[in-house]
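Novice: What follows is structure14.txt, compact mmCIF, C-alpha atoms.
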# COMPACT_ATOMS: atom_id res chain seq x y z
CA MET A 176 0.00 0.00 0.00
CA PRO A 177 1.88 3.11 -1.18
CA LEU A 178 1.91 6.20 0.99
CA GLN A 179 -0.43 8.83 -0.41
CA ILE A 180 -0.65 12.43 0.79
CA LYS A 181 -2.12 15.81 -0.07
CA VAL A 182 -0.38 19.08 0.75
CA ALA A 183 -1.40 22.73 0.60
CA GLY A 184 0.43 25.81 1.76
CA LYS A 185 0.50 29.59 1.56
CA THR A 186 2.61 32.47 2.82
CA ASP A 187 1.31 36.04 3.02
CA VAL A 188 2.97 39.35 3.87
CA GLY A 189 0.02 40.47 5.99
CA LEU A 190 -1.50 43.94 6.11
CA VAL A 191 1.20 45.95 7.91
CA ARG A 192 4.67 44.83 6.90
CA THR A 193 6.21 45.66 3.55
CA ALA A 194 8.35 42.50 3.25
CA ASN A 195 7.73 38.83 3.96
CA GLU A 196 10.37 37.31 6.25
CA ASP A 197 8.55 33.94 6.37
CA CYS A 198 9.61 31.11 4.10
CA LEU A 199 7.51 28.10 3.14
CA HIS A 200 9.15 24.84 2.04
CA LEU A 201 7.02 22.06 0.52
CA ASP A 202 8.97 19.06 -0.81
CA GLU A 203 6.42 16.40 -1.74
CA LYS A 204 9.03 14.15 -3.36
CA ASN A 205 10.93 13.69 -0.08
CA ARG A 206 7.85 14.45 2.06
CA ILE A 207 9.61 17.26 3.92
CA PHE A 208 7.60 20.35 4.86
CA ALA A 209 8.81 23.39 6.80
CA VAL A 210 7.83 26.88 7.89
CA CYS A 211 10.61 29.34 8.77
CA ASP A 212 9.91 32.74 10.36
CA GLY A 213 12.87 35.11 10.05
CA MET A 214 13.86 37.90 12.39
CA GLY A 215 16.30 40.79 12.06
CA GLY A 216 16.25 44.24 10.49
CA HIS A 217 17.19 45.31 6.96
CA GLN A 218 15.80 42.12 5.40
CA ALA A 219 18.15 39.97 7.52
CA GLY A 220 15.20 37.89 8.71
CA GLU A 221 14.30 37.10 5.13
CA VAL A 222 17.88 35.99 4.48
CA ALA A 223 17.88 33.72 7.55
CA SER A 224 14.56 32.02 6.79
CA MET A 225 15.49 31.47 3.14
CA MET A 226 18.89 30.05 4.12
CA SER A 227 17.24 27.58 6.49
CA ALA A 228 14.74 26.36 3.92
CA ASP A 229 17.38 26.23 1.18
CA ILE A 230 19.80 24.12 3.23
CA ILE A 231 17.04 21.67 4.17
CA ASP A 232 16.11 21.43 0.49
CA ILE A 233 19.70 20.92 -0.71
CA ILE A 234 20.49 18.26 1.89
CA PHE A 235 17.37 16.19 1.19
CA ASN A 236 17.63 16.46 -2.58
CA HIS A 237 21.38 16.12 -3.06
CA PHE A 238 23.20 14.93 0.08
CA GLN A 239 20.82 12.94 2.25
CA ASP A 240 22.55 9.56 1.87
CA GLU A 241 25.96 11.04 2.56
CA ILE A 242 24.68 13.08 5.52
CA GLN A 243 22.91 10.04 6.94
CA ARG A 244 26.09 7.96 6.79
CA ASP A 245 28.26 10.62 8.47
CA GLU A 246 28.49 9.22 12.00
CA ARG A 247 30.48 12.27 13.13
CA LEU A 248 27.18 14.20 13.11
CA SER A 249 25.48 11.63 15.35
CA PHE A 250 23.43 12.89 18.30
CA GLY A 251 22.98 9.57 20.10
CA HIS A 252 19.32 8.77 19.37
CA ALA A 253 17.87 6.17 17.01
CA LEU A 254 15.32 7.92 14.79
CA PRO A 255 13.74 7.20 11.40
CA GLN A 256 16.19 8.09 8.65
CA SER A 257 14.24 11.14 7.48
CA GLY A 258 13.97 12.41 11.06
CA GLU A 259 17.71 11.97 11.63
CA ILE A 260 18.57 13.83 8.42
CA LEU A 261 16.09 16.58 9.30
CA ILE A 262 17.77 17.19 12.68
CA LYS A 263 21.20 17.29 11.02
CA ALA A 264 19.93 19.68 8.34
CA ILE A 265 18.44 22.05 10.94
CA ARG A 266 21.69 22.08 12.91
CA ILE A 267 23.74 22.78 9.79
CA ALA A 268 21.30 25.55 8.83
CA ASN A 269 21.82 27.09 12.28
CA ARG A 270 25.56 26.98 11.79
CA ALA A 271 25.30 28.54 8.32
CA ILE A 272 23.12 31.42 9.50
CA PHE A 273 25.34 32.08 12.52
CA ASN A 274 28.55 32.09 10.45
CA THR A 275 27.01 34.36 7.81
CA ALA A 276 25.86 36.86 10.44
CA VAL A 277 29.35 36.94 11.94
CA GLU A 278 30.95 37.50 8.52
CA LYS A 279 28.50 40.19 7.36
CA PRO A 280 27.89 43.04 9.87
CA THR A 281 24.71 44.12 8.06
CA LEU A 282 23.19 40.72 8.92
CA LEU A 283 24.34 40.63 12.54
CA GLY A 284 21.54 39.46 14.84
CA MET A 285 19.55 37.69 12.16
CA GLY A 286 17.84 34.42 12.95
CA THR A 287 14.81 32.31 12.17
CA THR A 288 12.43 29.89 13.76
CA VAL A 289 11.74 26.58 12.06
CA VAL A 290 9.06 23.94 12.37
CA ALA A 291 9.44 20.97 10.04
CA LEU A 292 7.71 17.68 9.26
CA ALA A 293 9.33 14.59 7.75
CA LEU A 294 6.91 11.81 6.81
CA GLU A 295 8.31 8.29 6.47
CA GLY A 296 5.85 5.42 6.23
CA ASP A 297 3.35 5.74 9.05
CA VAL A 298 5.56 7.91 11.29
CA LEU A 299 5.87 11.68 11.20
CA SER A 300 8.96 13.42 12.55
CA VAL A 301 8.24 16.86 13.99
CA ALA A 302 11.26 19.09 14.66
CA HIS A 303 11.22 22.69 15.74
CA VAL A 304 13.19 25.61 17.11
CA GLY A 305 11.38 28.77 18.21
CA ASP A 306 7.67 29.60 18.31
CA SER A 307 6.43 28.40 14.94
CA ARG A 308 4.07 25.52 15.64
CA ALA A 309 2.79 22.12 14.51
CA TYR A 310 -0.71 20.77 15.19
CA ARG A 311 -2.80 17.68 14.46
CA LEU A 312 -6.44 18.27 13.54
CA LYS A 313 -8.60 15.90 15.57
CA GLU A 314 -12.35 15.36 15.48
CA ARG A 315 -13.20 17.85 18.23
CA SER A 316 -10.00 19.76 18.90
CA LEU A 317 -6.61 20.85 17.70
CA GLU A 318 -3.72 18.91 19.25
CA PRO A 319 -0.49 20.91 19.71
CA LEU A 320 2.59 18.90 18.73
CA THR A 321 5.16 21.53 19.72
CA VAL A 322 5.85 23.72 22.75
CA ASP A 323 7.03 27.26 22.01
CA HIS A 324 10.59 28.20 22.81
CA SER A 325 9.49 31.54 24.21
CA TRP A 326 9.69 33.42 27.47
CA VAL A 327 5.93 33.33 28.02
CA ALA A 328 5.74 29.56 27.36
CA GLU A 329 8.45 28.96 29.94
CA ILE A 330 6.59 31.12 32.46
CA GLN A 331 3.38 29.20 31.77
CA GLN A 332 5.10 25.89 32.37
CA ASN A 333 7.04 26.99 35.45
CA GLN A 334 4.33 29.06 37.12
CA ASN A 335 1.24 27.24 35.82
CA LEU A 336 -0.34 30.34 34.31
CA SER A 337 -3.55 30.22 32.29
CA HIS A 338 -3.60 31.31 28.65
CA GLN A 339 -5.39 34.53 29.64
CA GLU A 340 -2.82 35.30 32.35
CA ALA A 341 0.07 34.57 30.01
CA ALA A 342 -1.42 36.84 27.33
CA SER A 343 -0.98 39.84 29.65
CA VAL A 344 2.71 39.16 30.33
CA VAL A 345 5.03 41.93 29.17
CA GLY A 346 7.58 40.66 26.64
CA LYS A 347 5.49 37.64 25.75
CA ASN A 348 6.81 37.71 22.17
CA VAL A 349 10.43 37.13 23.21
CA ILE A 350 11.65 33.77 21.95
CA THR A 351 14.33 31.85 23.82
CA ARG A 352 15.60 29.69 20.97
CA ALA A 353 16.11 30.33 17.26
CA LEU A 354 18.40 29.33 14.42
CA GLY A 355 21.42 31.55 13.87
CA VAL A 356 21.67 33.38 17.19
CA ARG A 357 24.22 30.97 18.70
CA GLU A 358 26.85 28.76 17.12
CA ASN A 359 25.01 25.61 18.22
CA VAL A 360 21.37 24.84 18.89
CA GLU A 361 19.03 22.51 20.76
CA VAL A 362 16.27 21.03 18.61
CA ASP A 363 13.01 19.64 19.99
CA TYR A 364 11.77 16.48 18.30
CA ARG A 365 8.64 14.35 18.37
CA LEU A 366 7.68 11.19 16.48
CA VAL A 367 3.97 10.68 15.77
CA LYS A 368 2.15 7.67 14.30
CA VAL A 369 -0.17 8.59 11.43
CA GLY A 370 -3.12 6.94 9.75
CA PRO A 371 -5.45 7.54 6.79
CA GLY A 372 -7.39 10.78 7.21
CA ASP A 373 -4.93 12.41 9.61
CA LYS A 374 -4.31 16.12 8.99
CA PHE A 375 -1.39 18.14 10.29
CA MET A 376 -0.87 21.88 10.17
CA ILE A 377 2.31 23.93 10.61
CA CYS A 378 2.34 27.72 10.89
CA SER A 379 4.35 30.78 11.81
CA ASP A 380 3.35 32.90 14.80
CA GLY A 381 1.67 35.31 12.39
CA LEU A 382 -1.27 32.94 12.88
CA CYS A 383 -0.92 31.39 16.32
CA GLY A 384 0.27 34.67 17.84
CA PHE A 385 -3.05 36.33 17.00
CA ALA A 386 -5.59 33.50 17.31
CA ASP A 387 -5.86 30.86 20.01
CA ASP A 388 -6.06 27.11 19.40
CA ASP A 389 -9.86 26.99 19.68
CA GLU A 390 -10.29 29.71 17.07
CA ILE A 391 -7.85 27.99 14.73
CA PHE A 392 -9.68 24.67 15.22
CA HIS A 393 -13.11 26.12 14.47
CA THR A 394 -11.75 27.79 11.32
CA MET A 395 -10.20 24.52 10.13
CA ASN A 396 -13.21 22.45 11.13
CA ARG A 397 -15.59 24.51 8.99
CA VAL A 398 -13.73 23.53 5.84
CA ARG A 399 -11.87 20.44 7.01
CA ASP A 400 -12.45 18.51 3.76
CA ASP A 401 -10.66 21.09 1.59
CA ASN A 402 -6.98 21.64 2.39
CA GLU A 403 -6.58 24.62 0.07
CA HIS A 404 -9.61 26.23 1.69
CA ILE A 405 -8.21 25.54 5.16
CA VAL A 406 -4.98 27.34 4.29
CA THR A 407 -6.81 30.30 2.74
CA GLU A 408 -9.18 30.63 5.71
CA LEU A 409 -6.34 30.52 8.26
CA VAL A 410 -4.40 33.23 6.43
CA GLN A 411 -7.60 35.28 6.29
CA LEU A 412 -8.13 34.73 10.03
CA ALA A 413 -4.70 36.22 10.73
CA ASN A 414 -5.38 39.18 8.47
CA ASP A 415 -8.81 39.71 10.00
CA ARG A 416 -6.98 40.16 13.31
CA GLY A 417 -5.06 43.08 11.83
CA GLY A 418 -2.47 41.28 9.73
CA ALA A 419 0.30 42.75 11.88
CA ASP A 420 2.77 40.00 10.97
CA ASN A 421 3.65 37.79 8.03
CA VAL A 422 1.66 34.57 8.15
CA THR A 423 2.51 31.16 6.72
CA VAL A 424 0.41 28.00 6.89
CA ALA A 425 0.76 24.50 5.46
CA VAL A 426 -1.54 21.48 5.76
CA LEU A 427 -0.47 17.87 5.28
CA GLU A 428 -3.14 15.19 4.87
CA VAL A 429 -2.42 11.45 4.92
CA ILE A 430 -4.68 9.74 2.37
CA ASP A 431 -3.39 6.18 2.65
CA VAL A 432 -0.54 4.49 4.48
CA GLU A 433 0.54 1.03 5.56
CA ALA A 434 0.59 0.56 9.33
CA SER A 435 3.74 -0.56 11.15
CA ASP A 436 4.72 -1.33 14.72
CA ALA A 437 7.09 1.66 14.96
CA PRO A 438 6.83 3.36 18.38
CA GLU A 439 6.03 7.01 19.02
CA ILE A 440 8.38 9.42 20.79
CA GLU A 441 6.51 11.92 22.94
CA ARG A 442 9.18 14.62 23.24
CA LEU A 443 12.92 14.61 22.85
CA THR A 444 15.38 17.50 23.05
CA ILE A 445 18.40 16.93 20.85
CA PRO A 446 21.32 18.54 22.71
CA ALA A 447 23.40 21.34 21.23
CA GLU A 448 26.44 20.27 19.25
CA THR A 449 29.87 19.78 20.79
CA ASN A 450 32.88 21.63 19.40
CA GLU A 451 33.86 18.48 17.51
CA ILE A 452 30.48 18.31 15.77
CA LEU A 453 30.61 22.04 14.99
CA SER A 454 33.91 21.46 13.23
CA VAL A 455 32.34 18.68 11.15
CA GLU A 456 29.39 20.95 10.31
CA ASP A 457 31.81 23.63 9.10
CA GLY A 458 33.28 21.05 6.73
CA TRP A 459 29.81 20.27 5.46
CA LEU A 460 29.11 23.97 4.97
CA GLU A 461 32.13 24.24 2.69
CA LYS A 462 30.68 21.41 0.60
CA LEU A 463 27.21 22.98 0.54
CA ASN A 464 28.59 26.41 -0.31
CA ALA A 465 30.52 24.90 -3.23
CA PHE A 466 27.30 23.27 -4.41
CA ILE A 467 25.38 26.56 -4.12
CA ALA A 468 28.12 28.41 -6.01
CA ARG A 469 27.93 25.89 -8.87
CA ARG A 470 24.14 26.07 -8.86
CA ASN A 471 24.17 29.85 -9.00
CA GLU A 472 26.66 30.06 -11.84
CA THR A 473 24.89 31.56 -14.86
CA PRO A 474 26.53 30.52 -18.13
CA GLU A 475 26.77 33.17 -20.84
CA ILE A 476 23.68 32.88 -22.94
CA VAL A 477 24.30 33.40 -26.67
CA PRO A 478 21.04 34.30 -28.40
CA PRO A 479 20.31 31.97 -31.30
CA GLU A 480 20.72 33.37 -34.75
CA LYS A 481 17.39 34.29 -36.25
CA PRO A 482 16.63 32.47 -39.48
CA VAL A 483 16.67 34.63 -42.58
CA ASN A 484 13.20 35.46 -43.80
CA LYS A 485 13.33 35.09 -47.63
CA ALA A 486 10.21 37.19 -48.19
CA THR A 487 11.76 40.04 -46.23
CA VAL A 488 14.93 39.85 -48.33
CA ILE A 489 12.93 39.98 -51.58
CA VAL A 490 10.91 42.99 -50.41
CA ILE A 491 14.05 44.86 -49.40
CA PHE A 492 15.67 44.02 -52.77
CA VAL A 493 12.64 45.27 -54.71
CA ILE A 494 12.55 48.51 -52.69
CA PHE A 495 16.25 48.99 -53.35
CA ILE A 496 15.71 48.53 -57.14
CA ILE A 497 12.80 51.01 -57.13
CA ILE A 498 14.81 53.63 -55.24
CA ALA A 499 17.77 53.14 -57.58
CA ALA A 500 15.50 53.45 -60.62
CA VAL A 501 13.94 56.67 -59.30
CA ILE A 502 17.36 58.18 -58.64
CA ILE A 503 18.58 57.27 -62.17
CA TYR A 504 15.40 58.67 -63.76
CA PHE A 505 15.60 62.05 -62.02
CA SER A 506 19.30 62.25 -62.80
CA ALA A 507 18.58 61.70 -66.49
CA VAL A 508 15.73 64.33 -66.50
CA ARG A 509 18.05 66.97 -65.10
Turn the structure described in the file into structure tokens.

Specialist:
Amino acid sequence: MPLQIKVAGKTDVGLVRTANEDCLHLDEKNRIFAVCDGMGGHQAGEVASMMSADIIDIIFNHFQDEIQRDERLSFGHALPQSGEILIKAIRIANRAIFNTAVEKPTLLGMGTTVVALALEGDVLSVAHVGDSRAYRLKERSLEPLTVDHSWVAEIQQNQNLSHQEAASVVGKNVITRALGVRENVEVDYRLVKVGPGDKFMICSDGLCGFADDDEIFHTMNRVRDDNEHIVTELVQLANDRGGADNVTVAVLEVIDVEASDAPEIERLTIPAETNEILSVEDGWLEKLNAFIARRNETPEIVPPEKPVNKATVIVIFVIFIIIAAVIIYFSAVR
């Protein structure tokens, strides 16, 4: 029974900002889906989010076997292959963004959140850093699959605050973890069993920062049979709340899948890299940068020669003869 899925996604600048620092990555071939929400002035956030998505794309489409075999990048946990590669790709993306910000003063302080899904058989890897979120749409509710890396989320957990109490906390938008702000990064991971009919949604905080889970559920539930409509309605929900931020939403639906006895993993924090692993990642970045340089090379394009139009040549020749004849005639008259 082959795995069958449907995917829909959309990113929108919102109603206030002039640039979109979110980045949406939908790779149906490898079944890798990610939302990255950049931060940093002077378009640095856009650079960070695009770098993260691009590195994930390059690794899965060109280097995944080699990355998977590189035991020097190991983090000590047995995961599905796609989940393991996803963690490694996120860590390398963090390293790339951090190094770029150090090298280019105009990009200093840039970073991005990331929430990513990797579907392999009947298990779904969920990896995230920051406050972009993943959910599963259930019959009567929306099930959160991630916990924000934010100051307010930590206060809620440590002090047992309600959602209403947390909403009034000053500085509630401060995130405590993101790609690119430190040379290494902790990544939260979860492994979820999936079945036919399951729907998953990932989004930037342009949605979940302005609508609570119940509101998001009721919006999705109204049009739950149409993934494109779900995405459109959720983006509209964010804009109806003022559209103060960029908003990005993607929905993954499992149509058919063969069941296995693979176990779930409730929550796992992959520790930050050691200095030895950082050194290995720097070596990988050299390889990826060489690949990007080759990809971006634009060969000189020589325009093809246009074929000679015989009719045009004949017309020009006739005109030339007429002009010559007129000149000869008037010369003779004089």

Novice: Which is closest to A:Pro371 among A:Pro319, A:Gly284, A:Gly296, A:Pro255, if we use only C-alpha atoms?

Specialist: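 Looking at the shortest contact to A:Pro371, the residue is A:Gly296.
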
Novice: Using all atoms listed in the file, can you tell me which of A:Thr288, A:Asp187, A:Ile445, A:Cys383 comes closest to A:Gly251?

Specialist: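 Ranking A:Thr288, A:Asp187, A:Ile445, A:Cys383 by distance to A:Gly251, first place goes to A:Ile445.
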
Novice: Extract, using all atoms listed in the file, all DNA, RNA and protein residues at most 10 Å from A:Leu463, discarding same-chain residues fewer than 6 positions from it, and format them as a list in words.

Specialist: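 In the requested format, the answer is Ile230, Ile233, Ile234, His237, Phe238, Ile267, Ala271, Asp457 and Arg469 of chain A.
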
Novice: Taking C-alpha atoms for each residue, export the selection above as an mmCIF file, keeping the file's coordinate frame.

Specialist:
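Dumped to result_8.cif:
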data_model
loop_
_atom_site.group_PDB
_atom_site.id
_atom_site.type_symbol
_atom_site.label_atom_id
_atom_site.label_comp_id
_atom_site.auth_asym_id
_atom_site.auth_seq_id
_atom_site.Cartn_x
_atom_site.Cartn_y
_atom_site.Cartn_z
ATOM 1 C CA ILE A 230 19.800 24.120 3.230
ATOM 2 C CA ILE A 233 19.700 20.920 -0.710
ATOM 3 C CA ILE A 234 20.490 18.260 1.890
ATOM 4 C CA HIS A 237 21.380 16.120 -3.060
ATOM 5 C CA PHE A 238 23.200 14.930 0.080
ATOM 6 C CA ILE A 267 23.740 22.780 9.790
ATOM 7 C CA ALA A 271 25.300 28.540 8.320
ATOM 8 C CA ASP A 457 31.810 23.630 9.100
ATOM 9 C CA ARG A 469 27.930 25.890 -8.870
#

Novice: When you draw a straight line from atom CA of A:Asp197 to atom CA of A:Glu472, how long is it in Å?

Specialist: 26.0 Å

Novice: Quick one: everything within 8 Å of A:Ala293, counting all atoms listed in the file, minus sequence neighbours fewer than 5 positions away in the same chain. Send it as a VMD selection string.

Specialist: chain A and resid 206 to 208 257 to 258 261 299 to 301

Novice: Kindly indicate which residue among A:Val222, A:Ile242, A:Ala228, A:Leu412 lies nearest to A:Leu199, using only C-alpha atoms for the distances.

Specialist: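 Of A:Val222, A:Ile242, A:Ala228, A:Leu412, the one nearest A:Leu199, counting only C-alpha atoms, is A:Ala228.
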
Novice: Under the rule that all atoms listed in the file are counted, which of A:Cys378, A:Ala434, A:Ala302, A:Val426 is the nearest residue to A:Asp401?

Specialist: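 Nearest candidate to A:Asp401 out of A:Cys378, A:Ala434, A:Ala302, A:Val426: A:Val426.
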
Novice: Would you mind telling me which residue in A:Val369, A:Gly305, A:Val356, A:Asp363 lies nearest to A:Asp431 when using all atoms listed in the file?

Specialist: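 Answer, going by the shortest atom-to-atom distance: A:Val369.
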
Novice: Identify the residues around (13.9, 30.5, 13.5) within a radius of 12 Å, measuring from only C-alpha atoms in the coordinates stated by the file, and give them as a VMD selection string.

Specialist: chain A and resid 196 to 198 209 to 215 219 to 228 265 to 266 268 to 269 272 to 273 284 to 291 302 to 308 323 to 325 350 to 357 360 to 362 379 to 380

Novice: Please determine, counting all atoms listed in the file, which residue among A:Asn414, A:Asn464, A:Thr321, A:Gln239 has the shortest atom-to-atom distance to A:Arg442.

Specialist: A:Thr321

Novice: Need to verify the contact set: A:Thr407, 9 Å, only C-alpha atoms, exclusion of same-chain residues closer than 6 positions in sequence. Can you return it as a list in words?

Specialist: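 Final neighbour list, sorted by chain and number: Gly184, Lys185 and Val424 of chain A.
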
Novice: Please write out, as lines of an AutoDock Vina configuration file, where the centre of an axis-aligned box around all listed atoms of stretch 264-268 of chain A lies and how long its edges are, in Å to one decimal, after adding 3 Å on each side.

Specialist:
center_x = 21.1
center_y = 22.6
center_z = 10.6
size_x = 11.3
size_y = 11.9
size_z = 10.6

Novice: Do you know which residues are at most 10 Å from A:Glu448 counting only C-alpha atoms, after dropping those on the same chain fewer than 4 positions away, and could you put them as a PDB file with C-alpha atoms, in the frame of the given file?

Specialist:
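Result file follows (result-v6.pdb):
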ATOM      1  CA  LEU A 248      27.180  14.200  13.110  1.00  0.00           C
ATOM      2  CA  SER A 249      25.480  11.630  15.350  1.00  0.00           C
ATOM      3  CA  PHE A 250      23.430  12.890  18.300  1.00  0.00           C
ATOM      4  CA  ARG A 266      21.690  22.080  12.910  1.00  0.00           C
ATOM      5  CA  GLU A 358      26.850  28.760  17.120  1.00  0.00           C
ATOM      6  CA  ASN A 359      25.010  25.610  18.220  1.00  0.00           C
ATOM      7  CA  VAL A 360      21.370  24.840  18.890  1.00  0.00           C
ATOM      8  CA  GLU A 361      19.030  22.510  20.760  1.00  0.00           C
ATOM      9  CA  ILE A 452      30.480  18.310  15.770  1.00  0.00           C
ATOM     10  CA  LEU A 453      30.610  22.040  14.990  1.00  0.00           C
ATOM     11  CA  SER A 454      33.910  21.460  13.230  1.00  0.00           C
ATOM     12  CA  GLU A 456      29.390  20.950  10.310  1.00  0.00           C
TER      13      GLU A 456
END

Novice: Record the distance separating atom CA of A:Arg270 and atom CA of A:Val322, expressed in Å with one decimal.

Specialist: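 Interatomic distance, atom CA of A:Arg270 to atom CA of A:Val322: 22.8 Å.
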
Novice: Record the distance separating atom CA of A:Glu461 and atom CA of A:Leu282, expressed in Å with one decimal.

Specialist: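 About the pair atom CA of A:Glu461 and atom CA of A:Leu282: they are 19.8 Å apart.
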
Novice: Which neighbours of A:Ala386 fall inside 8 Å, counting only C-alpha atoms, when residues of the same chain fewer than 2 positions from it are skipped, and could you give them as a list in words?

Specialist: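 Here the qualifying residues turn out to be Leu382, Cys383, Gly384, Asp388, Glu390, Ile391, Leu412, Ala413 and Arg416 of chain A.
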
Novice: Mind rebuilding stretch 264-277 of chain A with N, CA and C atoms and writing that out as a PDB file, in the frame of the given file?

Specialist:
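What landed in out08.pdb:
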ATOM      1  N   ALA A 264      20.094  18.546   9.250  1.00  0.00           N
ATOM      2  CA  ALA A 264      19.930  19.680   8.340  1.00  0.00           C
ATOM      3  C   ALA A 264      19.626  20.963   9.111  1.00  0.00           C
ATOM      4  N   ILE A 265      18.785  20.866  10.127  1.00  0.00           N
ATOM      5  CA  ILE A 265      18.440  22.050  10.940  1.00  0.00           C
ATOM      6  C   ILE A 265      19.675  22.564  11.668  1.00  0.00           C
ATOM      7  N   ARG A 266      20.468  21.656  12.210  1.00  0.00           N
ATOM      8  CA  ARG A 266      21.690  22.080  12.910  1.00  0.00           C
ATOM      9  C   ARG A 266      22.671  22.751  11.953  1.00  0.00           C
ATOM     10  N   ILE A 267      22.835  22.182  10.769  1.00  0.00           N
ATOM     11  CA  ILE A 267      23.740  22.780   9.790  1.00  0.00           C
ATOM     12  C   ILE A 267      23.211  24.135   9.332  1.00  0.00           C
ATOM     13  N   ALA A 268      21.897  24.259   9.183  1.00  0.00           N
ATOM     14  CA  ALA A 268      21.300  25.550   8.830  1.00  0.00           C
ATOM     15  C   ALA A 268      21.601  26.585   9.914  1.00  0.00           C
ATOM     16  N   ASN A 269      21.488  26.184  11.171  1.00  0.00           N
ATOM     17  CA  ASN A 269      21.820  27.090  12.280  1.00  0.00           C
ATOM     18  C   ASN A 269      23.255  27.573  12.164  1.00  0.00           C
ATOM     19  N   ARG A 270      24.146  26.642  11.900  1.00  0.00           N
ATOM     20  CA  ARG A 270      25.560  26.980  11.790  1.00  0.00           C
ATOM     21  C   ARG A 270      25.807  27.942  10.620  1.00  0.00           C
ATOM     22  N   ALA A 271      25.131  27.686   9.504  1.00  0.00           N
ATOM     23  CA  ALA A 271      25.300  28.540   8.320  1.00  0.00           C
ATOM     24  C   ALA A 271      24.825  29.961   8.584  1.00  0.00           C
ATOM     25  N   ILE A 272      23.668  30.094   9.213  1.00  0.00           N
ATOM     26  CA  ILE A 272      23.120  31.420   9.500  1.00  0.00           C
ATOM     27  C   ILE A 272      24.015  32.165  10.483  1.00  0.00           C
ATOM     28  N   PHE A 273      24.475  31.462  11.517  1.00  0.00           N
ATOM     29  CA  PHE A 273      25.340  32.080  12.520  1.00  0.00           C
ATOM     30  C   PHE A 273      26.639  32.572  11.875  1.00  0.00           C
ATOM     31  N   ASN A 274      27.288  31.714  11.089  1.00  0.00           N
ATOM     32  CA  ASN A 274      28.550  32.090  10.450  1.00  0.00           C
ATOM     33  C   ASN A 274      28.364  33.267   9.498  1.00  0.00           C
ATOM     34  N   THR A 275      27.262  33.272   8.754  1.00  0.00           N
ATOM     35  CA  THR A 275      27.010  34.360   7.810  1.00  0.00           C
ATOM     36  C   THR A 275      26.805  35.678   8.532  1.00  0.00           C
ATOM     37  N   ALA A 276      26.092  35.640   9.663  1.00  0.00           N
ATOM     38  CA  ALA A 276      25.860  36.860  10.440  1.00  0.00           C
ATOM     39  C   ALA A 276      27.156  37.403  11.023  1.00  0.00           C
ATOM     40  N   VAL A 277      28.059  36.512  11.401  1.00  0.00           N
ATOM     41  CA  VAL A 277      29.350  36.940  11.940  1.00  0.00           C
ATOM     42  C   VAL A 277      30.197  37.588  10.835  1.00  0.00           C
TER      43      VAL A 277
END
